[in-house]
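Here is the file run-v2.pdb (PDB, C-alpha atoms).
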```pdb
MODEL        1
ATOM      1  CA  MET O  18     149.872 -55.693-159.095
ATOM      2  CA  ASN O  19     147.515 -58.239-157.551
ATOM      3  CA  VAL O  20     145.063 -56.725-155.110
ATOM      4  CA  ALA O  21     142.542 -58.498-152.884
ATOM      5  CA  VAL O  22     139.750 -56.375-151.411
ATOM      6  CA  VAL O  23     138.113 -58.224-148.500
ATOM      7  CA  VAL O  24     134.328 -57.953-148.371
ATOM      8  CA  PHE O  25     132.783 -58.309-144.918
ATOM      9  CA  PRO O  26     129.022 -58.311-144.400
ATOM     10  CA  GLY O  27     128.467 -54.553-144.153
ATOM     11  CA  SER O  28     131.467 -53.390-146.197
ATOM     12  CA  ASN O  29     130.320 -50.564-148.456
ATOM     13  CA  CYS O  30     133.482 -48.976-149.877
ATOM     14  CA  ASP O  31     134.801 -52.193-151.431
ATOM     15  CA  ARG O  32     133.750 -51.341-154.985
ATOM     16  CA  ASP O  33     135.038 -47.784-154.649
ATOM     17  CA  VAL O  34     138.478 -49.228-153.885
ATOM     18  CA  VAL O  35     138.312 -51.515-156.916
ATOM     19  CA  LYS O  36     137.325 -48.554-159.125
ATOM     20  CA  ALA O  37     140.029 -46.273-157.702
ATOM     21  CA  ILE O  38     142.734 -48.894-158.268
ATOM     22  CA  LYS O  39     141.532 -49.502-161.833
ATOM     23  CA  TYR O  40     141.455 -45.761-162.529
ATOM     24  CA  ALA O  41     144.866 -45.121-160.953
ATOM     25  CA  THR O  42     146.846 -48.148-162.128
ATOM     26  CA  GLY O  43     144.785 -49.990-164.733
ATOM     27  CA  ASP O  44     144.859 -53.124-162.538
ATOM     28  CA  GLU O  45     141.803 -55.216-161.696
ATOM     29  CA  ALA O  46     141.379 -55.865-157.962
ATOM     30  CA  ALA O  47     139.638 -59.033-156.785
ATOM     31  CA  LEU O  48     136.791 -58.948-154.263
ATOM     32  CA  VAL O  49     137.330 -61.680-151.649
ATOM     33  CA  TRP O  50     134.448 -62.804-149.440
ATOM     34  CA  HIS O  51     135.190 -62.848-145.684
ATOM     35  CA  GLY O  52     134.197 -66.519-145.456
ATOM     36  CA  GLU O  53     137.067 -67.607-147.703
ATOM     37  CA  THR O  54     140.033 -69.149-145.922
ATOM     38  CA  GLU O  55     142.739 -68.172-148.413
ATOM     39  CA  LEU O  56     143.663 -65.047-150.326
ATOM     40  CA  PRO O  57     144.119 -65.480-154.078
ATOM     41  CA  GLY O  58     147.636 -66.734-154.901
ATOM     42  CA  GLU O  59     150.194 -64.022-155.686
ATOM     43  CA  THR O  60     148.274 -61.368-153.742
ATOM     44  CA  ASP O  61     150.530 -58.305-153.329
ATOM     45  CA  LEU O  62     148.167 -55.984-151.503
ATOM     46  CA  VAL O  63     145.181 -56.689-149.246
ATOM     47  CA  VAL O  64     142.700 -53.848-148.740
ATOM     48  CA  LEU O  65     140.235 -53.896-145.844
ATOM     49  CA  PRO O  66     137.647 -51.376-147.032
ATOM     50  CA  GLY O  67     135.415 -48.930-145.211
ATOM     51  CA  GLY O  68     131.870 -49.700-144.135
ATOM     52  CA  PHE O  69     130.255 -51.361-141.156
ATOM     53  CA  SER O  70     131.591 -54.901-140.907
ATOM     54  CA  TYR O  71     129.081 -57.119-139.083
ATOM     55  CA  GLY O  72     126.940 -54.028-138.520
ATOM     56  CA  ASP O  73     129.558 -52.633-136.105
ATOM     57  CA  TYR O  74     127.833 -54.706-133.422
ATOM     58  CA  LEU O  75     129.713 -55.012-130.107
ATOM     59  CA  ARG O  76     132.493 -52.625-131.261
ATOM     60  CA  CYS O  77     133.381 -51.380-134.712
ATOM     61  CA  GLY O  78     135.689 -53.905-136.378
ATOM     62  CA  ALA O  79     135.567 -56.322-133.441
ATOM     63  CA  MET O  80     133.812 -59.254-135.019
ATOM     64  CA  ALA O  81     135.652 -59.016-138.320
ATOM     65  CA  HIS O  82     138.770 -60.343-136.636
ATOM     66  CA  THR O  83     137.017 -63.686-136.222
ATOM     67  CA  ALA O  84     136.310 -63.905-139.992
ATOM     68  CA  PRO O  85     137.884 -66.971-141.649
ATOM     69  CA  ILE O  86     139.838 -64.874-144.193
ATOM     70  CA  MET O  87     141.595 -62.857-141.465
ATOM     71  CA  ALA O  88     143.971 -65.702-140.536
ATOM     72  CA  ASP O  89     145.409 -65.588-144.058
ATOM     73  CA  VAL O  90     145.468 -61.765-144.044
ATOM     74  CA  LYS O  91     147.631 -62.007-140.889
ATOM     75  CA  ARG O  92     149.896 -64.590-142.519
ATOM     76  CA  HIS O  93     150.239 -62.267-145.522
ATOM     77  CA  ALA O  94     151.216 -59.372-143.245
ATOM     78  CA  ASP O  95     153.614 -61.537-141.225
ATOM     79  CA  ARG O  96     155.374 -62.442-144.468
ATOM     80  CA  GLY O  97     155.830 -58.705-145.106
ATOM     81  CA  GLY O  98     152.919 -58.403-147.552
ATOM     82  CA  LEU O  99     151.158 -55.055-147.843
ATOM     83  CA  VAL O 100     147.850 -54.479-146.032
ATOM     84  CA  LEU O 101     145.837 -51.248-146.188
ATOM     85  CA  GLY O 102     142.876 -50.727-143.864
ATOM     86  CA  ILE O 103     140.657 -47.741-144.618
ATOM     87  CA  CYS O 104     138.230 -46.411-141.974
ATOM     88  CA  ASN O 105     136.350 -49.538-140.819
ATOM     89  CA  GLY O 106     139.337 -51.450-142.230
ATOM     90  CA  PHE O 107     141.570 -49.482-139.816
ATOM     91  CA  GLN O 108     139.243 -50.462-136.964
ATOM     92  CA  VAL O 109     139.450 -54.114-138.060
ATOM     93  CA  LEU O 110     143.269 -53.908-138.043
ATOM     94  CA  THR O 111     143.399 -52.564-134.468
ATOM     95  CA  GLU O 112     140.830 -55.113-133.251
ATOM     96  CA  SER O 113     142.903 -57.850-134.931
ATOM     97  CA  LYS O 114     145.990 -56.538-133.090
ATOM     98  CA  MET O 115     147.727 -56.067-136.426
ATOM     99  CA  LEU O 116     148.003 -52.399-135.456
ATOM    100  CA  PRO O 117     148.259 -50.959-131.923
ATOM    101  CA  GLY O 118     145.555 -48.869-130.262
ATOM    102  CA  ALA O 119     141.807 -48.510-130.570
ATOM    103  CA  LEU O 120     139.291 -46.201-132.269
ATOM    104  CA  LEU O 121     136.646 -44.591-130.078
ATOM    105  CA  VAL O 122     133.507 -42.529-130.629
ATOM    106  CA  ASN O 123     134.346 -39.042-131.959
ATOM    107  CA  ARG O 124     134.964 -36.338-129.365
ATOM    108  CA  ASP O 125     131.836 -34.381-130.331
ATOM    109  CA  LEU O 126     129.562 -37.429-130.735
ATOM    110  CA  ALA O 127     128.852 -36.588-134.363
ATOM    111  CA  PHE O 128     129.247 -38.563-137.557
ATOM    112  CA  ILE O 129     131.655 -36.477-139.645
ATOM    113  CA  CYS O 130     131.623 -36.711-143.439
ATOM    114  CA  ARG O 131     133.684 -34.084-145.253
ATOM    115  CA  PRO O 132     137.013 -33.475-146.983
ATOM    116  CA  ILE O 133     139.739 -32.739-144.456
ATOM    117  CA  GLU O 134     143.395 -31.712-144.475
ATOM    118  CA  ILE O 135     145.999 -34.232-143.355
ATOM    119  CA  SER O 136     149.780 -34.060-143.385
ATOM    120  CA  VAL O 137     151.907 -36.855-144.796
ATOM    121  CA  GLU O 138     154.395 -37.780-142.068
ATOM    122  CA  ARG O 139     156.658 -40.032-144.145
ATOM    123  CA  ASP O 140     157.445 -40.363-147.839
ATOM    124  CA  ASP O 141     159.690 -43.435-147.605
ATOM    125  CA  THR O 142     157.013 -46.126-147.256
ATOM    126  CA  ALA O 143     155.244 -48.433-149.700
ATOM    127  CA  PHE O 144     152.090 -46.336-149.388
ATOM    128  CA  THR O 145     153.354 -42.752-149.494
ATOM    129  CA  SER O 146     156.399 -42.442-151.795
ATOM    130  CA  GLY O 147     154.231 -40.475-154.231
ATOM    131  CA  TYR O 148     153.898 -37.675-151.671
ATOM    132  CA  GLU O 149     156.482 -35.431-150.079
ATOM    133  CA  LYS O 150     157.176 -35.549-146.344
ATOM    134  CA  GLY O 151     155.174 -32.805-144.653
ATOM    135  CA  GLN O 152     152.874 -32.347-147.650
ATOM    136  CA  VAL O 153     149.338 -31.366-146.700
ATOM    137  CA  ILE O 154     146.671 -33.134-148.734
ATOM    138  CA  THR O 155     142.868 -33.081-148.724
ATOM    139  CA  ILE O 156     141.009 -36.390-148.413
ATOM    140  CA  PRO O 157     137.479 -37.078-147.131
ATOM    141  CA  ILE O 158     136.705 -38.685-143.805
ATOM    142  CA  ALA O 159     133.359 -40.336-143.004
ATOM    143  CA  HIS O 160     133.175 -41.853-139.542
ATOM    144  CA  TYR O 161     131.554 -41.841-136.119
ATOM    145  CA  GLU O 162     134.316 -43.786-134.383
ATOM    146  CA  GLY O 163     137.645 -42.364-135.471
ATOM    147  CA  ARG O 164     139.199 -41.044-132.266
ATOM    148  CA  TYR O 165     142.534 -42.827-132.135
ATOM    149  CA  HIS O 166     143.561 -43.890-128.629
ATOM    150  CA  LEU O 167     146.665 -45.545-127.221
ATOM    151  CA  PRO O 168     147.993 -45.551-123.637
ATOM    152  CA  GLU O 169     150.500 -42.729-123.164
ATOM    153  CA  ASN O 170     153.677 -44.789-122.838
ATOM    154  CA  GLU O 171     152.822 -46.775-125.970
ATOM    155  CA  LEU O 172     151.954 -43.578-127.807
ATOM    156  CA  GLU O 173     155.448 -42.252-127.126
ATOM    157  CA  LEU O 174     156.922 -45.459-128.526
ATOM    158  CA  LEU O 175     154.704 -45.212-131.608
ATOM    159  CA  GLU O 176     155.970 -41.683-132.239
ATOM    160  CA  GLU O 177     159.618 -42.612-131.611
ATOM    161  CA  ARG O 178     159.406 -45.466-134.077
ATOM    162  CA  GLY O 179     157.945 -43.185-136.735
ATOM    163  CA  GLN O 180     154.771 -45.213-137.028
ATOM    164  CA  VAL O 181     152.478 -42.215-137.557
ATOM    165  CA  ALA O 182     151.482 -42.108-141.222
ATOM    166  CA  PHE O 183     149.081 -39.165-141.377
ATOM    167  CA  ARG O 184     148.082 -36.376-138.982
ATOM    168  CA  TYR O 185     145.050 -34.080-139.096
ATOM    169  CA  SER O 186     146.400 -30.746-140.180
ATOM    170  CA  GLY O 187     143.639 -28.130-140.431
ATOM    171  CA  GLY O 188     142.090 -28.918-137.038
ATOM    172  CA  ASN O 189     141.441 -32.226-135.306
ATOM    173  CA  PRO O 190     137.935 -33.415-136.243
ATOM    174  CA  ASN O 191     137.472 -36.300-133.802
ATOM    175  CA  GLY O 192     139.791 -35.776-130.811
ATOM    176  CA  ALA O 193     142.354 -38.387-131.888
ATOM    177  CA  LEU O 194     145.481 -38.383-129.700
ATOM    178  CA  ASN O 195     148.398 -36.479-131.273
ATOM    179  CA  ASP O 196     146.078 -35.628-134.230
ATOM    180  CA  ILE O 197     146.660 -39.140-135.558
ATOM    181  CA  ALA O 198     144.741 -39.980-138.745
ATOM    182  CA  GLY O 199     146.711 -43.079-139.756
ATOM    183  CA  ILE O 200     149.469 -45.382-138.484
ATOM    184  CA  TYR O 201     151.848 -48.089-139.679
ATOM    185  CA  ASN O 202     152.786 -51.330-137.966
ATOM    186  CA  GLU O 203     156.426 -51.681-136.914
ATOM    187  CA  GLY O 204     157.397 -53.210-140.254
ATOM    188  CA  GLY O 205     155.747 -50.410-142.228
ATOM    189  CA  ASN O 206     153.890 -52.929-144.418
ATOM    190  CA  VAL O 207     150.510 -52.487-142.695
ATOM    191  CA  LEU O 208     148.773 -49.093-142.845
ATOM    192  CA  GLY O 209     145.504 -48.135-141.181
ATOM    193  CA  MET O 210     143.931 -44.747-141.912
ATOM    194  CA  MET O 211     140.603 -43.069-141.197
ATOM    195  CA  PRO O 212     140.526 -40.869-144.358
ATOM    196  CA  HIS O 213     139.285 -42.459-147.593
ATOM    197  CA  PRO O 214     141.869 -42.152-150.414
ATOM    198  CA  GLU O 215     139.582 -44.115-152.765
ATOM    199  CA  ARG O 216     136.986 -41.333-152.585
ATOM    200  CA  TYR O 217     139.474 -38.707-153.797
ATOM    201  CA  SER O 218     141.205 -40.658-156.544
ATOM    202  CA  ASP O 219     139.479 -38.986-159.494
ATOM    203  CA  ARG O 220     139.174 -35.229-159.871
ATOM    204  CA  ALA O 221     135.736 -35.764-161.437
ATOM    205  CA  VAL O 222     134.360 -36.580-157.958
ATOM    206  CA  GLY O 223     135.933 -33.627-156.147
ATOM    207  CA  GLY O 224     139.662 -34.264-155.798
ATOM    208  CA  ASP O 225     142.507 -36.639-156.504
ATOM    209  CA  ASP O 226     144.837 -36.240-153.521
ATOM    210  CA  GLY O 227     144.292 -39.944-152.772
ATOM    211  CA  LEU O 228     145.633 -41.068-156.142
ATOM    212  CA  PRO O 229     149.326 -41.168-155.068
ATOM    213  CA  VAL O 230     148.490 -43.884-152.499
ATOM    214  CA  TRP O 231     147.673 -46.375-155.274
ATOM    215  CA  LEU O 232     150.529 -45.209-157.496
ATOM    216  CA  SER O 233     153.003 -45.474-154.575
ATOM    217  CA  ILE O 234     151.890 -49.026-153.834
ATOM    218  CA  LYS O 235     152.114 -50.085-157.481
ATOM    219  CA  ARG O 236     155.600 -48.599-157.846
ATOM    220  CA  TRP O 237     156.719 -50.253-154.587
ATOM    221  CA  ILE O 238     155.502 -53.669-155.698
ATOM    222  CA  GLU O 239     157.147 -53.341-159.096
ATOM    223  CA  ARG O 240     160.421 -52.249-157.508
ATOM    224  CA  THR O 241     160.615 -54.752-154.654
ATOM    225  CA  GLY O 242     158.550 -57.625-156.006
ATOM    226  CA  ALA O 243     156.989 -57.734-152.526
TER     227      ALA O 243
ATOM    228  CA  MET X 237     125.599 -77.919-115.808
ATOM    229  CA  ARG X 238     124.482 -74.649-117.321
ATOM    230  CA  TYR X 239     125.928 -71.334-116.174
ATOM    231  CA  GLY X 240     124.943 -67.757-116.950
ATOM    232  CA  ALA X 241     127.082 -64.651-116.814
ATOM    233  CA  GLU X 242     126.240 -60.988-116.546
ATOM    234  CA  ILE X 243     129.153 -59.194-118.139
ATOM    235  CA  LEU X 244     129.503 -55.441-117.679
ATOM    236  CA  VAL X 245     131.878 -53.657-120.059
ATOM    237  CA  TYR X 246     132.843 -50.031-119.543
ATOM    238  CA  LEU X 247     135.528 -47.607-120.667
ATOM    239  CA  LYS X 248     138.613 -47.450-118.456
ATOM    240  CA  GLU X 249     139.102 -44.549-116.091
ATOM    241  CA  GLY X 250     140.984 -41.876-117.991
ATOM    242  CA  VAL X 251     139.456 -42.765-121.372
ATOM    243  CA  LEU X 252     137.079 -39.985-122.402
ATOM    244  CA  ASP X 253     133.516 -41.359-122.330
ATOM    245  CA  THR X 254     131.700 -39.085-124.774
ATOM    246  CA  GLN X 255     128.336 -40.836-124.317
ATOM    247  CA  GLY X 256     128.616 -40.524-120.544
ATOM    248  CA  LYS X 257     129.373 -36.820-120.890
ATOM    249  CA  ALA X 258     126.368 -36.269-123.167
ATOM    250  CA  VAL X 259     124.058 -38.120-120.786
ATOM    251  CA  ALA X 260     125.446 -36.148-117.831
ATOM    252  CA  ALA X 261     124.725 -32.892-119.682
ATOM    253  CA  SER X 262     121.114 -33.981-120.270
ATOM    254  CA  LEU X 263     120.667 -34.921-116.610
ATOM    255  CA  THR X 264     122.056 -31.524-115.627
ATOM    256  CA  ARG X 265     119.459 -29.872-117.901
ATOM    257  CA  LEU X 266     116.786 -31.815-116.014
ATOM    258  CA  GLY X 267     118.002 -30.211-112.809
ATOM    259  CA  TYR X 268     120.263 -32.911-111.358
ATOM    260  CA  ASP X 269     123.277 -31.330-109.726
ATOM    261  CA  ASP X 270     126.633 -32.166-111.381
ATOM    262  CA  PRO X 271     126.145 -35.905-112.067
ATOM    263  CA  SER X 272     129.106 -37.998-113.218
ATOM    264  CA  VAL X 273     127.991 -40.603-115.774
ATOM    265  CA  ARG X 274     129.778 -43.486-117.482
ATOM    266  CA  VAL X 275     127.917 -45.483-120.145
ATOM    267  CA  GLY X 276     128.798 -49.152-120.635
ATOM    268  CA  LYS X 277     127.479 -52.389-122.080
ATOM    269  CA  TYR X 278     125.604 -55.319-120.584
ATOM    270  CA  ILE X 279     126.230 -58.718-122.179
ATOM    271  CA  ARG X 280     124.397 -61.879-121.087
ATOM    272  CA  VAL X 281     126.015 -65.221-121.954
ATOM    273  CA  GLU X 282     124.973 -68.783-121.060
ATOM    274  CA  ILE X 283     127.136 -71.865-121.499
ATOM    275  CA  GLU X 284     127.495 -75.524-120.503
ATOM    276  CA  ALA X 285     130.424 -76.243-118.177
ATOM    277  CA  SER X 286     131.509 -79.008-115.795
ATOM    278  CA  ASP X 287     131.719 -76.706-112.758
ATOM    279  CA  ILE X 288     131.575 -73.047-111.804
ATOM    280  CA  ASP X 289     135.342 -72.524-111.919
ATOM    281  CA  SER X 290     135.652 -73.749-115.482
ATOM    282  CA  ALA X 291     132.595 -71.658-116.398
ATOM    283  CA  LYS X 292     134.270 -68.568-114.939
ATOM    284  CA  GLU X 293     137.427 -69.377-116.859
ATOM    285  CA  THR X 294     135.484 -69.693-120.119
ATOM    286  CA  PHE X 295     133.594 -66.410-119.590
ATOM    287  CA  ASP X 296     136.862 -64.674-118.823
ATOM    288  CA  LYS X 297     138.444 -66.047-121.979
ATOM    289  CA  MET X 298     135.421 -64.905-124.031
ATOM    290  CA  CYS X 299     135.982 -61.388-122.701
ATOM    291  CA  LYS X 300     139.651 -61.431-123.633
ATOM    292  CA  ASP X 301     139.038 -63.012-127.057
ATOM    293  CA  LEU X 302     136.216 -60.783-128.257
ATOM    294  CA  LEU X 303     133.802 -59.134-125.839
ATOM    295  CA  VAL X 304     136.200 -56.577-124.343
ATOM    296  CA  ASN X 305     138.891 -54.401-125.911
ATOM    297  CA  ALA X 306     141.499 -54.361-123.131
ATOM    298  CA  ILE X 307     143.193 -51.268-124.537
ATOM    299  CA  VAL X 308     140.253 -49.038-123.650
ATOM    300  CA  GLU X 309     137.777 -51.155-121.672
ATOM    301  CA  ASP X 310     137.464 -52.881-118.281
ATOM    302  CA  TYR X 311     134.858 -55.464-117.297
ATOM    303  CA  THR X 312     133.260 -57.427-114.496
ATOM    304  CA  VAL X 313     131.692 -60.884-114.736
ATOM    305  CA  LYS X 314     128.966 -62.175-112.389
ATOM    306  CA  VAL X 315     128.398 -65.905-112.784
ATOM    307  CA  GLU X 316     125.354 -67.886-111.628
ATOM    308  CA  GLU X 317     124.409 -71.529-111.773
ATOM    309  CA  LEU X 318     121.215 -72.106-113.782
ATOM    310  CA  ARG X 319     118.666 -74.864-113.263
TER     311      ARG X 319
ENDMDL
END
```
Turn this file's structure into structure tokens for me.
Amino acid sequence: MNVAVVVFPGSNCDRDVVKAIKYATGDEAALVWHGETELPGETDLVVLPGGFSYGDYLRCGAMAHTAPIMADVKRHADRGGLVLGICNGFQVLTESKMLPGALLVNRDLAFICRPIEISVERDDTAFTSGYEKGQVITIPIAHYEGRYHLPENELELLEERGQVAFRYSGGNPNGALNDIAGIYNEGGNVLGMMPHPERYSDRAVGGDDGLPVWLSIKRWIERTGA
Amino acid sequence: MRYGAEILVYLKEGVLDTQGKAVAASLTRLGYDDPSVRVGKYIRVEIEASDIDSAKETFDKMCKDLLVNAIVEDYTVKVEELR
């Protein structure tokens, strides 16, 4: 599969994603600078990695949506292409309006960095077919602004449409509404999540519950050609 | 003509303001009785515009395009004509 990992000024999990994908699937992912205007041809998956794009000035993820590359990332998503935003990448996706809602400062005003239990809400998507519905997995989080928020009526719609991807399972670390740790767009081809699957993709670094994310995506692309 | 704007951005009513709560707790420790605190942002912008109405329109558009996240934030804009 062809993967483009967007590098914003301040991204710091970009190389971890490249390593995790290589380890999981054997594929080489390309790093794409935010100032580029086009994704590499034949890109199957775009990853917006964790970090602090543009120093998180103004609001986390806010300025990244003005980056030249983001217009083509949107085009890719509009065509049905896969986009995965992890942590700061999730924040960039909400600020870009590619996903609904916003991410606010954690309930307890603390930066939280530790492995955490989340439940997999669906196993029929491009990103999660390698899991079972309801499966509880352990993946690290590392964020100060991860409290998912959406106005109540829209939250109900989000739930009805089955757009929740992951929910905090062993306690809610940041106060996110409905324990939400990750969501899909309506088409299911864009996923934003606060936990970092790339950090738990190799048992040598503590765990590999994130590995099925990459394997699911690869299998999906091979099966659908999308 | 040059125009300046003082833009105040703050979390909407009903959105938990964790910073405001922490500041209120500190004020309470200092002996202030049950203060309610909301913490926001001050943004100063200056632009060239033909008249004050078009300046206001531009500042408002800046807020909608980038400076404010309408899902969780509200804002006010105070515009002044500069020399």
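We find CA of Glu171 (chain O) and CA of Gly151 (chain O) to be spaced 23.4 Å apart.
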Can you tell me which residues surround region 94-102 of chain O at a distance of at most 7 Å, considering only C-alpha atoms, apart from same-chain residues fewer than 3 positions away, and format the answer as a PDB file with C-alpha atoms, in the coordinates of the input?
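The resulting file, selection.pdb, is shown below:
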```
ATOM      1  CA  ASP O  61     150.530 -58.305-153.329  1.00  0.00           C
ATOM      2  CA  LEU O  62     148.167 -55.984-151.503  1.00  0.00           C
ATOM      3  CA  VAL O  63     145.181 -56.689-149.246  1.00  0.00           C
ATOM      4  CA  VAL O  64     142.700 -53.848-148.740  1.00  0.00           C
ATOM      5  CA  LEU O  65     140.235 -53.896-145.844  1.00  0.00           C
ATOM      6  CA  PRO O  66     137.647 -51.376-147.032  1.00  0.00           C
ATOM      7  CA  VAL O  90     145.468 -61.765-144.044  1.00  0.00           C
ATOM      8  CA  LYS O  91     147.631 -62.007-140.889  1.00  0.00           C
ATOM      9  CA  GLY O 106     139.337 -51.450-142.230  1.00  0.00           C
ATOM     10  CA  PHE O 107     141.570 -49.482-139.816  1.00  0.00           C
ATOM     11  CA  LEU O 110     143.269 -53.908-138.043  1.00  0.00           C
ATOM     12  CA  ASN O 206     153.890 -52.929-144.418  1.00  0.00           C
ATOM     13  CA  VAL O 207     150.510 -52.487-142.695  1.00  0.00           C
ATOM     14  CA  LEU O 208     148.773 -49.093-142.845  1.00  0.00           C
ATOM     15  CA  GLY O 209     145.504 -48.135-141.181  1.00  0.00           C
ATOM     16  CA  MET O 210     143.931 -44.747-141.912  1.00  0.00           C
ATOM     17  CA  ALA O 243     156.989 -57.734-152.526  1.00  0.00           C
TER      18      ALA O 243
END
```
- Report as a PyMOL selection string the residues that result from applying the ChimeraX specification (/O :<9) & /X to the structure here. chain X and resi 251-255+258+277+302-305+307-308
Convert the current residue selection to file output with C-alpha atoms, as a PDB file, keeping the file's coordinate frame.
```
ATOM      1  CA  VAL X 251     139.456 -42.765-121.372  1.00  0.00           C
ATOM      2  CA  LEU X 252     137.079 -39.985-122.402  1.00  0.00           C
ATOM      3  CA  ASP X 253     133.516 -41.359-122.330  1.00  0.00           C
ATOM      4  CA  THR X 254     131.700 -39.085-124.774  1.00  0.00           C
ATOM      5  CA  GLN X 255     128.336 -40.836-124.317  1.00  0.00           C
ATOM      6  CA  ALA X 258     126.368 -36.269-123.167  1.00  0.00           C
ATOM      7  CA  LYS X 277     127.479 -52.389-122.080  1.00  0.00           C
ATOM      8  CA  LEU X 302     136.216 -60.783-128.257  1.00  0.00           C
ATOM      9  CA  LEU X 303     133.802 -59.134-125.839  1.00  0.00           C
ATOM     10  CA  VAL X 304     136.200 -56.577-124.343  1.00  0.00           C
ATOM     11  CA  ASN X 305     138.891 -54.401-125.911  1.00  0.00           C
ATOM     12  CA  ILE X 307     143.193 -51.268-124.537  1.00  0.00           C
ATOM     13  CA  VAL X 308     140.253 -49.038-123.650  1.00  0.00           C
TER      14      VAL X 308
END
```
Around all the atoms of region 48-61 of chain O listed in the file, draw an axis-aligned box and extend it by 3 Å on each of the six sides; I want its centre and edge lengths in Å to one decimal, as AutoDock Vina command-line options.
```
--center_x 142.4 --center_y -63.7 --center_z -150.6 --size_x 22.3 --size_y 16.8 --size_z 16.2
```
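Note that the spacing between CA of Phe295 (chain X) and CA of Ala88 (chain O) amounts to 23.4 Å.
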- Task: May I have the protein, DNA and RNA residues with any atom at most 10 Å from the point (127.9, -77.5, -118.4), counting all atoms listed in the file, written as a VMD selection string?
- Result: chain X and resid 237 to 239 282 to 288 290 to 291 317 to 318
Do you know which residues the PyMOL selection byres ((chain O and resi 175) around 12) returns on this file, as a CSV table (one decimal) with C-alpha atoms, in the frame of the given file?
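Result file is expr-v4.csv:
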```csv
chain,number,residue,atom,x,y,z
O,116,LEU,CA,148.0,-52.4,-135.5
O,117,PRO,CA,148.3,-51.0,-131.9
O,118,GLY,CA,145.6,-48.9,-130.3
O,166,HIS,CA,143.6,-43.9,-128.6
O,167,LEU,CA,146.7,-45.5,-127.2
O,168,PRO,CA,148.0,-45.6,-123.6
O,169,GLU,CA,150.5,-42.7,-123.2
O,170,ASN,CA,153.7,-44.8,-122.8
O,171,GLU,CA,152.8,-46.8,-126.0
O,172,LEU,CA,152.0,-43.6,-127.8
O,173,GLU,CA,155.4,-42.3,-127.1
O,174,LEU,CA,156.9,-45.5,-128.5
O,176,GLU,CA,156.0,-41.7,-132.2
O,177,GLU,CA,159.6,-42.6,-131.6
O,178,ARG,CA,159.4,-45.5,-134.1
O,179,GLY,CA,157.9,-43.2,-136.7
O,180,GLN,CA,154.8,-45.2,-137.0
O,181,VAL,CA,152.5,-42.2,-137.6
O,182,ALA,CA,151.5,-42.1,-141.2
O,194,LEU,CA,145.5,-38.4,-129.7
O,195,ASN,CA,148.4,-36.5,-131.3
O,197,ILE,CA,146.7,-39.1,-135.6
O,199,GLY,CA,146.7,-43.1,-139.8
O,200,ILE,CA,149.5,-45.4,-138.5
O,201,TYR,CA,151.8,-48.1,-139.7
O,202,ASN,CA,152.8,-51.3,-138.0
O,203,GLU,CA,156.4,-51.7,-136.9
O,205,GLY,CA,155.7,-50.4,-142.2
```
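Proximity to Ile154 (chain O) was assessed for O:Ser28, O:Met115, O:Pro190, O:Leu228 counting all atoms listed in the file; the smallest distance is recorded for O:Leu228.
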- Compare X:Glu316, X:Val281, X:Lys297, X:Val273 by their minimum atom-to-atom distance to Glu249 (chain X), counting only C-alpha atoms, and give me the closest one. X:Val273
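Taking CA of Ser70 (chain O) as the reference point, CA of Trp231 (chain O) is found at 23.2 Å.
Minimum distance to Val313 (chain X) across X:Lys248, X:Ala241, X:Arg274, X:Gly267 (counting only C-alpha atoms) occurs at X:Ala241.
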- Message: Applying 8 Å and all atoms listed in the file, which residues near Glu45 (chain O) remain after dropping the ones on its own chain fewer than 6 positions away? List them as a list in words.
- Response: Asn19, Val20, Val35, Ile38 and Lys39 of chain O
- Message: I'd like the neighbourhood of Trp237 (chain O) as JSON, numbers by chain, where a residue qualifies if any of its atoms comes within 9 Å (using all atoms listed in the file), though same-chain residues fewer than 6 positions away should be ignored.
- Response: {"O": [142, 143, 144, 146, 243]}
Writer output for current selection, C-alpha atoms, as a PDB file, in the frame of the given file:
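out_24.pdb, freshly written:
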```pdb
ATOM      1  CA  THR O 142     157.013 -46.126-147.256  1.00  0.00           C
ATOM      2  CA  ALA O 143     155.244 -48.433-149.700  1.00  0.00           C
ATOM      3  CA  PHE O 144     152.090 -46.336-149.388  1.00  0.00           C
ATOM      4  CA  SER O 146     156.399 -42.442-151.795  1.00  0.00           C
ATOM      5  CA  ALA O 243     156.989 -57.734-152.526  1.00  0.00           C
TER       6      ALA O 243
END
```
- Given the PyMOL selection byres ((chain X and resi 312) around 6), the residues it picks as an MDAnalysis selection string: chainID X and resid 243:244 311 313
